[in-house]
>>> print(open('coords17.cif').read())   # mmCIF, C-alpha atoms
data_final
loop_
_atom_site.group_PDB
_atom_site.id
_atom_site.type_symbol
_atom_site.label_atom_id
_atom_site.label_comp_id
_atom_site.auth_asym_id
_atom_site.auth_seq_id
_atom_site.Cartn_x
_atom_site.Cartn_y
_atom_site.Cartn_z
ATOM 1 C CA MET A 1 -103.795 -73.025 114.030
ATOM 2 C CA PRO A 2 -103.980 -76.620 115.336
ATOM 3 C CA ILE A 3 -101.064 -77.882 117.391
ATOM 4 C CA VAL A 4 -100.841 -81.660 117.786
ATOM 5 C CA THR A 5 -98.542 -83.171 120.410
ATOM 6 C CA VAL A 6 -97.440 -86.784 120.004
ATOM 7 C CA GLN A 7 -95.844 -88.458 123.013
ATOM 8 C CA GLN A 8 -94.042 -91.679 122.208
ATOM 9 C CA GLY A 9 -90.919 -93.741 122.554
ATOM 10 C CA PRO A 10 -88.050 -93.028 120.155
ATOM 11 C CA ARG A 11 -88.787 -93.762 116.509
ATOM 12 C CA ASP A 12 -86.835 -93.724 113.250
ATOM 13 C CA ILE A 13 -86.791 -90.352 111.458
ATOM 14 C CA GLU A 14 -88.576 -91.775 108.400
ATOM 15 C CA LEU A 15 -91.458 -93.041 110.564
ATOM 16 C CA LYS A 16 -91.743 -89.584 112.126
ATOM 17 C CA ARG A 17 -91.847 -87.987 108.670
ATOM 18 C CA GLN A 18 -94.703 -90.292 107.675
ATOM 19 C CA LEU A 19 -96.525 -89.640 110.945
ATOM 20 C CA VAL A 20 -96.432 -85.849 110.703
ATOM 21 C CA ARG A 21 -97.482 -85.959 107.040
ATOM 22 C CA ARG A 22 -100.495 -88.153 107.835
ATOM 23 C CA ILE A 23 -101.508 -86.070 110.848
ATOM 24 C CA THR A 24 -101.231 -82.900 108.776
ATOM 25 C CA ASP A 25 -103.253 -84.444 105.932
ATOM 26 C CA ALA A 26 -105.975 -85.491 108.388
ATOM 27 C CA PHE A 27 -106.376 -81.924 109.652
ATOM 28 C CA VAL A 28 -106.278 -80.475 106.147
ATOM 29 C CA ASP A 29 -108.950 -82.928 104.964
ATOM 30 C CA SER A 30 -111.235 -82.728 107.989
ATOM 31 C CA LEU A 31 -111.007 -78.998 108.787
ATOM 32 C CA GLN A 32 -110.355 -77.672 105.274
ATOM 33 C CA ILE A 33 -107.353 -75.638 106.435
ATOM 34 C CA PRO A 34 -103.969 -75.047 104.794
ATOM 35 C CA ALA A 35 -101.203 -77.489 105.661
ATOM 36 C CA ASP A 36 -98.905 -74.707 106.804
ATOM 37 C CA SER A 37 -101.296 -73.904 109.639
ATOM 38 C CA VAL A 38 -100.874 -77.353 111.243
ATOM 39 C CA GLN A 39 -98.059 -77.863 113.736
ATOM 40 C CA VAL A 40 -97.015 -81.280 115.047
ATOM 41 C CA TRP A 41 -94.730 -81.576 118.056
ATOM 42 C CA ILE A 42 -93.131 -84.917 118.851
ATOM 43 C CA GLN A 43 -92.002 -85.602 122.403
ATOM 44 C CA GLU A 44 -89.957 -88.774 122.710
ATOM 45 C CA TYR A 45 -89.325 -90.546 125.970
ATOM 46 C CA PRO A 46 -86.745 -93.253 126.620
ATOM 47 C CA ALA A 47 -88.059 -96.623 127.807
ATOM 48 C CA ASP A 48 -86.863 -96.016 131.372
ATOM 49 C CA ASN A 49 -89.060 -92.888 131.639
ATOM 50 C CA TRP A 50 -92.275 -94.577 130.564
ATOM 51 C CA ALA A 51 -94.420 -97.251 132.200
ATOM 52 C CA ALA A 52 -97.505 -99.263 131.346
ATOM 53 C CA ALA A 53 -99.454 -101.482 133.754
ATOM 54 C CA GLY A 54 -97.032 -100.592 136.543
ATOM 55 C CA VAL A 55 -93.941 -101.780 134.638
ATOM 56 C CA LEU A 56 -91.249 -99.612 133.092
ATOM 57 C CA ARG A 57 -91.058 -100.172 129.344
ATOM 58 C CA SER A 58 -87.317 -100.829 129.764
ATOM 59 C CA ASP A 59 -88.211 -103.810 131.999
ATOM 60 C CA ALA A 60 -90.841 -105.224 129.663
#
>>> encode(input="coords17.cif", output="structure tokens")
Amino acid sequence: MPIVTVQQGPRDIELKRQLVRRITDAFVDSLQIPADSVQVWIQEYPADNWAAAGVLRSDA
């Protein structure tokens, strides 16, 4: 059973629905497994807990 973890900033619920559907479809298509065997976990981080190039995203 594949488990996919997505780490990202907060997103709208509809975008997350689309994301998990597309990730699931990709595993179903590429590994020929049933959709109910794919798990997707979304971990969201606020902008002040995430940095890129040495700068907090909340400061960018």
>>> closest_residue(input="coords17.cif", among="A:Val28, A:Ala47, A:Ile23, A:Leu56", to="A:Arg11", atoms="only C-alpha atoms")
A:Ala47
>>> atom_distance(input="coords17.cif", atom1="atom CA of A:Val40", atom2="atom CA of A:Ala52")
24.3 Å
>>> atom_distance(input="coords17.cif", atom1="atom CA of A:Tyr45", atom2="atom CA of A:Gly9")
4.9 Å
>>> residues_near_point(input="coords17.cif", point="(-100.8, -73.8, 106.5)", cutoff="10 Å", atoms="only C-alpha atoms", output="list in words")
Met1, Pro2, Thr24, Val28, Ile33, Pro34, Ala35, Asp36, Ser37, Val38 and Gln39 of chain A
>>> resolve_selection(input="coords17.cif", expression="the PyMOL selection byres ((chain A and resi 5) around 8)", output="ChimeraX atom specification")
/A:3-4,6-7,40-43
>>> atom_distance(input="coords17.cif", atom1="atom CA of A:Pro46", atom2="atom CA of A:Pro10")
6.6 Å
>>> closest_residue(input="coords17.cif", among="A:Ser58, A:Gln8, A:Ser30, A:Gln18", to="A:Glu44", atoms="all atoms listed in the file")
A:Gln8
